[in-house]
There are 2 protein chains.
Amino acid sequence: MEEKNPIQSAQRIFSVYEYVCRSGNAGLSQITEALGLNKSTVHRMLASLIYMDYVKQDKFTGEYTPTFKTVELGQTILGRLDLPGRVRPYLQELSDSTGETVHLVRRDGTDVVYVDKIEPLHSRSDSIRMASQIGRRRPMYCAGVGKALMASMPENEAAEIWDHSRIEAKTEHTIVTREKMKEELAGIRSRGWALDDEENEKGVRCVAAVIPSDAEPEYAFSISAPAAHLDETHLPEVIREVLKRQKEISDAL
Amino acid sequence: MEEKNPIQSAQRIFSVYEYVCRSGNAGLSQITEALGLNKSTVHRMLASLIYMDYVKQDKFTGEYTPTFKTVELGQTILGRLDLPGRVRPYLQELSDSTGETVHLVRRDGTDVVYVDKIEPLHSRSDSIRMASQIGRRRPMYCAGVGKALMASMPENEAAEIWDHSRIEAKTEHTIVTREKMKEELAGIRSRGWALDDEENEKGVRCVAAVIPSDAEPEYAFSISAPAAHLDETHLPEVIREVLKRQKEISDAL
DNA sequence: CTTCATCGTTTCATATTGTGGAATTCTATT
DNA sequence: AATAGAATTCCACAATATGAAACGATGAAG
């Protein structure tokens, strides 16, 4: 991998672009300070982004905000995936029947990327909003969906993913040894579902399963919930729901 | 407005970036030909985009594809909007009860931008897939949602939108005169809903209404369907459903 | 097996552009 | 009216982006 951007001005303009996207709105001085660039440089970068319709400037406040063009490009990329649209009805039903958030992910190297996120139509009164976001990536080793995918591939391939992952203990429950992971994957294979037992985020558990496929599965889905909801009492029922929907999806594809 | 990009290399690298996003995957030579740039320039642009993680290169085919980073940025922008998440359950019910696609838009100058799109969980057998896409913009004057929004603002403001729009007859049904639009908006005001009567796309009709707000409404939603579904027989029922959901949303916000 | 075509990759002299310091303009505050 | 602090503009020149040419890889044709 290169150790610096082959095009310096690209680094600069994309820094400005991302800053505006991530902040939502920002003034010239704020961006200048945050990025450590000269303000006439930043000004020209913004003028360029405005010209290309990625950014717009509020007439009254002078602040810069992202346009929806990035949203449209993102949706163009996402919309090219066929599977999410086809499985969404099943995942919405899963979400509705459990009252919890459902995620669909796609494998991307040693990571998974969230490609859909379904909230129940009627949230339970004690539900919490999941911080997950479509487009975000996460390492496979500490995600229920990631482990489900690893369990559905040849063992050597799963081992390679482990070896290429930067293992760190995200919580005290995160699996950090090769042996433990191997056992875990064996368990997942025999059960047909994976559990993220507060391994990625304290207080959050999830039940996951792969989307069956003729080839090696590339997608997986999960129900995430506060650990208090997914306790020993409720777990079996949720597992049943997950496997039921998995079967329906399998039958329909 | 500037008549050329203030930063030439920005123009180039964003051209390459958009090309890769829109095509889904492309080889160096293809991009070079399409954009009329020197191939070593394009190669360096791609190297830069790879460095910034917007693009990746397939190891086997050598082709370049967009990563999910753009999706993530787009979702960051979209996720900053509060209203879509809150009204989605109502719109999903509207979609399910009618079996048609529902759109939520937000006003953006003289245009509307699609910020959500809901498909019924169980499509009717003769449903068609709407070409609309989140992030896409559309002029207000020829969209049901746009007319609904125009009808809910002061007349002079609606007139200004009309004056600043590039009016063209998208179909033979498109309203292209100021007088006709004025009458149309008066009708919408008295009825409380708008109809896109094949004005934007032949064969497609939609019923639209604004999302009520204390201030001037900024969002509107619509049901779109093939004209054959939304004929005179079915229209009253769909209108009732639209107004019913509008009321529920109003009560809940 | 050799040759050829076409793809992506790399190099480097130099033409061209992006840079940033300083001045200017604008607006809100005192 | 003066001041502060924001955004905007200018332009000499330092620095970079450019592209022609060469190179390496791969698959197809003979």
# chains A, B, ... in the order shown; residues from 1 in each chain; ligands from 1
>>> residues_around(residues="Pro226 in chain B", least_positions_apart="3", cutoff="12 Å", atoms="only C-alpha atoms (C1' of nucleotides)", output="short mmCIF file (atom, residue, chain, number, x, y, z; two decimals) with N, CA and C atoms, in the first residue's frame")
data_model
loop_
_atom_site.label_atom_id
_atom_site.label_comp_id
_atom_site.auth_asym_id
_atom_site.auth_seq_id
_atom_site.Cartn_x
_atom_site.Cartn_y
_atom_site.Cartn_z
N GLY B 99 -50.58 -2.05 -1.63
CA GLY B 99 -49.77 -2.91 -2.48
C GLY B 99 -48.90 -2.15 -3.47
N GLU B 100 -48.72 -0.84 -3.23
CA GLU B 100 -47.95 -0.03 -4.17
C GLU B 100 -46.74 0.61 -3.49
N THR B 101 -45.89 1.21 -4.31
CA THR B 101 -44.68 1.87 -3.81
C THR B 101 -45.01 3.25 -3.24
N ASP B 126 -49.08 -8.04 -10.26
CA ASP B 126 -48.88 -7.20 -11.45
C ASP B 126 -48.18 -5.89 -11.12
N SER B 127 -47.44 -5.86 -10.02
CA SER B 127 -46.77 -4.61 -9.66
C SER B 127 -45.55 -4.40 -10.55
N ILE B 128 -45.17 -3.13 -10.70
CA ILE B 128 -43.97 -2.82 -11.44
C ILE B 128 -42.99 -2.13 -10.50
N ARG B 129 -41.72 -2.27 -10.82
CA ARG B 129 -40.70 -1.64 -10.00
C ARG B 129 -40.53 -0.20 -10.41
N MET B 130 -40.65 0.68 -9.46
CA MET B 130 -40.50 2.10 -9.74
C MET B 130 -39.01 2.41 -9.95
N ASP B 196 -50.52 13.25 -9.53
CA ASP B 196 -49.64 13.31 -10.69
C ASP B 196 -50.30 12.40 -11.70
N ASP B 197 -50.94 13.05 -12.65
CA ASP B 197 -51.75 12.31 -13.63
C ASP B 197 -50.92 12.05 -14.89
N GLU B 198 -49.94 11.18 -14.77
CA GLU B 198 -49.02 10.85 -15.87
C GLU B 198 -48.28 12.09 -16.37
N GLU B 201 -44.26 10.82 -15.90
CA GLU B 201 -43.91 9.60 -16.60
C GLU B 201 -45.19 8.96 -17.12
N LYS B 202 -45.20 8.71 -18.42
CA LYS B 202 -46.37 8.09 -19.03
C LYS B 202 -46.68 6.74 -18.37
N GLY B 203 -47.95 6.54 -18.07
CA GLY B 203 -48.35 5.27 -17.49
C GLY B 203 -48.25 5.19 -15.99
N VAL B 204 -47.71 6.22 -15.37
CA VAL B 204 -47.58 6.22 -13.90
C VAL B 204 -48.34 7.38 -13.29
N ARG B 205 -49.16 7.07 -12.31
CA ARG B 205 -49.90 8.10 -11.59
C ARG B 205 -49.48 8.05 -10.14
N CYS B 206 -49.67 9.15 -9.45
CA CYS B 206 -49.46 9.08 -8.02
C CYS B 206 -50.37 10.04 -7.29
N VAL B 207 -50.67 9.66 -6.06
CA VAL B 207 -51.44 10.49 -5.15
C VAL B 207 -50.48 10.94 -4.06
N ILE B 223 -48.09 7.81 -3.13
CA ILE B 223 -48.22 6.45 -3.65
C ILE B 223 -48.10 6.55 -5.16
N HIS B 229 -53.67 0.67 -12.33
CA HIS B 229 -54.06 0.35 -10.95
C HIS B 229 -54.84 1.53 -10.35
N LEU B 230 -54.38 2.73 -10.66
CA LEU B 230 -54.97 3.93 -10.05
C LEU B 230 -56.02 4.53 -10.97
N ASP B 231 -56.93 3.67 -11.39
CA ASP B 231 -57.98 4.19 -12.27
C ASP B 231 -59.09 4.82 -11.43
N HIS B 234 -60.43 2.85 -8.37
CA HIS B 234 -59.59 2.64 -7.19
C HIS B 234 -59.11 3.94 -6.54
N LEU B 235 -59.16 5.00 -7.29
CA LEU B 235 -58.62 6.26 -6.80
C LEU B 235 -59.21 6.71 -5.46
#
>>> interface_residues(of="chain A", to="chain D", cutoff="9 Å", atoms="only C-alpha atoms (C1' of nucleotides)", output="PyMOL selection string")
chain A and resi 7-9+27-29+40+43+62
>>> write_last_selection(atoms="N, CA and C atoms", output="PDB file, in the first residue's frame")
ATOM      1  N   ILE A   7      -1.930  11.679  -5.194  1.00  0.00           N
ATOM      2  CA  ILE A   7      -2.331  13.017  -5.654  1.00  0.00           C
ATOM      3  C   ILE A   7      -2.656  13.874  -4.432  1.00  0.00           C
ATOM      4  N   GLN A   8      -1.764  14.786  -4.145  1.00  0.00           N
ATOM      5  CA  GLN A   8      -1.921  15.594  -2.937  1.00  0.00           C
ATOM      6  C   GLN A   8      -3.219  16.401  -2.927  1.00  0.00           C
ATOM      7  N   SER A   9      -3.538  17.008  -4.043  1.00  0.00           N
ATOM      8  CA  SER A   9      -4.730  17.844  -4.043  1.00  0.00           C
ATOM      9  C   SER A   9      -6.005  17.007  -3.936  1.00  0.00           C
ATOM     10  N   GLY A  27     -18.611  26.084   8.650  1.00  0.00           N
ATOM     11  CA  GLY A  27     -18.134  27.319   8.029  1.00  0.00           C
ATOM     12  C   GLY A  27     -16.699  27.155   7.544  1.00  0.00           C
ATOM     13  N   LEU A  28     -16.276  28.076   6.720  1.00  0.00           N
ATOM     14  CA  LEU A  28     -14.926  28.030   6.158  1.00  0.00           C
ATOM     15  C   LEU A  28     -13.855  27.979   7.249  1.00  0.00           C
ATOM     16  N   SER A  29     -13.998  28.837   8.236  1.00  0.00           N
ATOM     17  CA  SER A  29     -12.985  28.904   9.291  1.00  0.00           C
ATOM     18  C   SER A  29     -12.899  27.612  10.082  1.00  0.00           C
ATOM     19  N   SER A  40      -7.525  30.055   1.993  1.00  0.00           N
ATOM     20  CA  SER A  40      -7.824  30.269   0.575  1.00  0.00           C
ATOM     21  C   SER A  40      -7.793  28.952  -0.201  1.00  0.00           C
ATOM     22  N   HIS A  43     -11.128  27.402   0.633  1.00  0.00           N
ATOM     23  CA  HIS A  43     -12.175  28.122  -0.076  1.00  0.00           C
ATOM     24  C   HIS A  43     -12.293  27.655  -1.519  1.00  0.00           C
ATOM     25  N   GLY A  62     -23.777  31.270   5.473  1.00  0.00           N
ATOM     26  CA  GLY A  62     -22.483  31.072   4.839  1.00  0.00           C
ATOM     27  C   GLY A  62     -21.903  29.685   5.046  1.00  0.00           C
TER      28      GLY A  62
END
>>> interface_residues(of="chain C", to="chain B", cutoff="8 Å", atoms="only C-alpha atoms (C1' of nucleotides)", output="ChimeraX atom specification")
/C:7-8,18
>>> interface_residues(of="chain B", to="chain A", cutoff="6 Å", atoms="only C-alpha atoms", output="ChimeraX atom specification")
/B:5-7,48,68,70-72,74,89,121,135-136
>>> select_by_dssp(residues="range 208-245 of chain B", states="strand (DSSP E)", output="PyMOL selection string")
chain B and resi 208-210+219-226
>>> write_last_selection(atoms="N, CA, C and O atoms", output="PDB file, in the first residue's frame")
ATOM      1  N   ALA B 208     -50.483  12.225  -3.783  1.00  0.00           N
ATOM      2  CA  ALA B 208     -49.495  12.772  -2.841  1.00  0.00           C
ATOM      3  C   ALA B 208     -50.133  13.701  -1.835  1.00  0.00           C
ATOM      4  O   ALA B 208     -51.177  14.303  -2.087  1.00  0.00           O
ATOM      5  N   ALA B 209     -49.451  13.836  -0.696  1.00  0.00           N
ATOM      6  CA  ALA B 209     -49.878  14.780   0.337  1.00  0.00           C
ATOM      7  C   ALA B 209     -48.645  15.219   1.109  1.00  0.00           C
ATOM      8  O   ALA B 209     -47.638  14.502   1.154  1.00  0.00           O
ATOM      9  N   VAL B 210     -48.750  16.405   1.715  1.00  0.00           N
ATOM     10  CA  VAL B 210     -47.612  16.884   2.501  1.00  0.00           C
ATOM     11  C   VAL B 210     -47.606  16.244   3.875  1.00  0.00           C
ATOM     12  O   VAL B 210     -48.624  15.766   4.371  1.00  0.00           O
ATOM     13  N   TYR B 219     -41.654  18.226   3.735  1.00  0.00           N
ATOM     14  CA  TYR B 219     -41.709  16.838   3.260  1.00  0.00           C
ATOM     15  C   TYR B 219     -43.090  16.527   2.692  1.00  0.00           C
ATOM     16  O   TYR B 219     -44.095  17.090   3.126  1.00  0.00           O
ATOM     17  N   ALA B 220     -43.097  15.596   1.774  1.00  0.00           N
ATOM     18  CA  ALA B 220     -44.364  15.094   1.242  1.00  0.00           C
ATOM     19  C   ALA B 220     -44.192  13.615   0.903  1.00  0.00           C
ATOM     20  O   ALA B 220     -43.063  13.133   0.714  1.00  0.00           O
ATOM     21  N   PHE B 221     -45.306  12.904   0.830  1.00  0.00           N
ATOM     22  CA  PHE B 221     -45.222  11.493   0.460  1.00  0.00           C
ATOM     23  C   PHE B 221     -46.233  11.190  -0.633  1.00  0.00           C
ATOM     24  O   PHE B 221     -47.169  11.960  -0.855  1.00  0.00           O
ATOM     25  N   SER B 222     -46.010  10.087  -1.298  1.00  0.00           N
ATOM     26  CA  SER B 222     -46.909   9.735  -2.380  1.00  0.00           C
ATOM     27  C   SER B 222     -46.975   8.229  -2.567  1.00  0.00           C
ATOM     28  O   SER B 222     -46.055   7.500  -2.214  1.00  0.00           O
ATOM     29  N   ILE B 223     -48.087   7.810  -3.132  1.00  0.00           N
ATOM     30  CA  ILE B 223     -48.216   6.451  -3.652  1.00  0.00           C
ATOM     31  C   ILE B 223     -48.101   6.553  -5.155  1.00  0.00           C
ATOM     32  O   ILE B 223     -48.816   7.353  -5.774  1.00  0.00           O
ATOM     33  N   SER B 224     -47.239   5.756  -5.710  1.00  0.00           N
ATOM     34  CA  SER B 224     -47.127   5.707  -7.162  1.00  0.00           C
ATOM     35  C   SER B 224     -47.593   4.348  -7.647  1.00  0.00           C
ATOM     36  O   SER B 224     -47.361   3.327  -6.978  1.00  0.00           O
ATOM     37  N   ALA B 225     -48.206   4.348  -8.790  1.00  0.00           N
ATOM     38  CA  ALA B 225     -48.688   3.077  -9.320  1.00  0.00           C
ATOM     39  C   ALA B 225     -48.913   3.222 -10.811  1.00  0.00           C
ATOM     40  O   ALA B 225     -49.060   4.330 -11.328  1.00  0.00           O
ATOM     41  N   PRO B 226     -48.945   2.114 -11.499  1.00  0.00           N
ATOM     42  CA  PRO B 226     -49.311   2.172 -12.911  1.00  0.00           C
ATOM     43  C   PRO B 226     -50.711   2.762 -13.018  1.00  0.00           C
ATOM     44  O   PRO B 226     -51.571   2.508 -12.163  1.00  0.00           O
TER      45      PRO B 226
END
>>> atom_distance(atom1="CA of Glu248 in chain B", atom2="CA of Val102 in chain A")
25.2 Å
>>> select_by_dssp(residues="range 2-235 of chain B", states="alpha helix (DSSP H)", output="ChimeraX atom specification")
/B:8-23,28-35,39-51,69-79,83-98,144-151,155-164,178-191,235
>>> write_last_selection(atoms="C-alpha atoms", output="short mmCIF file (atom, residue, chain, number, x, y, z; two decimals), in the first residue's frame")
data_model
loop_
_atom_site.label_atom_id
_atom_site.label_comp_id
_atom_site.auth_asym_id
_atom_site.auth_seq_id
_atom_site.Cartn_x
_atom_site.Cartn_y
_atom_site.Cartn_z
CA GLN B 8 -8.97 21.06 -12.73
CA SER B 9 -7.62 17.98 -11.05
CA ALA B 10 -10.69 17.90 -8.81
CA GLN B 11 -12.85 17.83 -11.93
CA ARG B 12 -10.79 14.94 -13.20
CA ILE B 13 -10.68 12.81 -10.10
CA PHE B 14 -14.36 13.29 -9.35
CA SER B 15 -15.13 12.37 -12.96
CA VAL B 16 -13.24 9.14 -12.49
CA TYR B 17 -14.91 8.59 -9.12
CA GLU B 18 -18.43 9.09 -10.48
CA TYR B 19 -17.70 6.93 -13.49
CA VAL B 20 -16.68 4.05 -11.26
CA CYS B 21 -19.68 4.56 -8.95
CA ARG B 22 -22.18 4.74 -11.79
CA SER B 23 -20.76 1.93 -13.89
CA LEU B 28 -8.62 1.39 -16.88
CA SER B 29 -8.94 1.50 -20.65
CA GLN B 30 -12.70 1.82 -20.52
CA ILE B 31 -12.51 4.75 -18.10
CA THR B 32 -9.74 6.35 -20.17
CA GLU B 33 -11.83 6.14 -23.31
CA ALA B 34 -15.01 7.32 -21.67
CA LEU B 35 -13.43 10.37 -20.04
CA LYS B 39 -4.33 6.62 -19.21
CA SER B 40 -1.45 7.34 -16.86
CA THR B 41 -3.48 10.24 -15.47
CA VAL B 42 -6.49 7.98 -14.97
CA HIS B 43 -4.27 5.34 -13.44
CA ARG B 44 -2.95 7.79 -10.89
CA MET B 45 -6.49 9.08 -10.15
CA LEU B 46 -7.56 5.52 -9.46
CA ALA B 47 -4.54 4.91 -7.27
CA SER B 48 -5.54 7.98 -5.31
CA LEU B 49 -9.16 6.84 -4.96
CA ILE B 50 -7.94 3.43 -3.81
CA TYR B 51 -5.67 5.10 -1.29
CA LYS B 69 -17.50 4.18 1.70
CA THR B 70 -19.68 6.33 -0.54
CA VAL B 71 -22.72 4.42 0.72
CA GLU B 72 -21.65 5.17 4.26
CA LEU B 73 -21.17 8.88 3.57
CA GLY B 74 -24.53 8.98 1.85
CA GLN B 75 -26.19 7.29 4.79
CA THR B 76 -24.49 9.72 7.14
CA ILE B 77 -26.11 12.56 5.24
CA LEU B 78 -29.48 10.83 5.01
CA GLY B 79 -29.33 9.69 8.62
CA LEU B 83 -38.34 12.76 10.01
CA PRO B 84 -37.94 9.79 7.63
CA GLY B 85 -37.34 7.30 10.44
CA ARG B 86 -40.27 8.58 12.39
CA VAL B 87 -42.79 8.39 9.58
CA ARG B 88 -41.62 5.20 7.97
CA PRO B 89 -43.96 2.86 9.90
CA TYR B 90 -46.96 4.81 8.63
CA LEU B 91 -45.68 4.78 5.09
CA GLN B 92 -44.94 1.06 5.25
CA GLU B 93 -48.54 0.48 6.30
CA LEU B 94 -49.76 2.65 3.45
CA SER B 95 -47.63 0.67 1.05
CA ASP B 96 -48.83 -2.66 2.46
CA SER B 97 -52.49 -1.71 2.46
CA THR B 98 -52.41 -0.57 -1.15
CA GLY B 144 -47.34 14.94 -7.24
CA VAL B 145 -45.29 15.52 -4.12
CA GLY B 146 -43.91 18.72 -5.61
CA LYS B 147 -47.33 20.09 -6.39
CA ALA B 148 -48.55 19.14 -2.92
CA LEU B 149 -45.68 21.13 -1.44
CA MET B 150 -46.26 24.09 -3.77
CA ALA B 151 -49.94 24.10 -2.79
CA GLU B 155 -48.92 31.67 -3.68
CA ASN B 156 -46.12 34.10 -4.42
CA GLU B 157 -43.56 31.53 -3.30
CA ALA B 158 -45.15 28.87 -5.51
CA ALA B 159 -45.10 31.35 -8.40
CA GLU B 160 -41.42 31.95 -7.80
CA ILE B 161 -40.71 28.23 -7.92
CA TRP B 162 -42.59 28.05 -11.18
CA ASP B 163 -40.57 30.98 -12.57
CA HIS B 164 -37.27 29.41 -11.55
CA ARG B 178 -48.75 29.26 -15.25
CA GLU B 179 -52.55 29.58 -15.31
CA LYS B 180 -53.12 25.87 -15.47
CA MET B 181 -50.71 25.34 -12.55
CA LYS B 182 -52.42 28.05 -10.52
CA GLU B 183 -55.78 26.33 -10.98
CA GLU B 184 -54.21 22.99 -10.17
CA LEU B 185 -52.72 24.29 -6.91
CA ALA B 186 -56.04 25.84 -5.94
CA GLY B 187 -57.66 22.44 -6.45
CA ILE B 188 -54.98 20.74 -4.36
CA ARG B 189 -55.47 23.26 -1.56
CA SER B 190 -59.18 22.60 -1.43
CA ARG B 191 -58.85 18.80 -1.67
CA LEU B 235 -58.62 6.26 -6.80
#
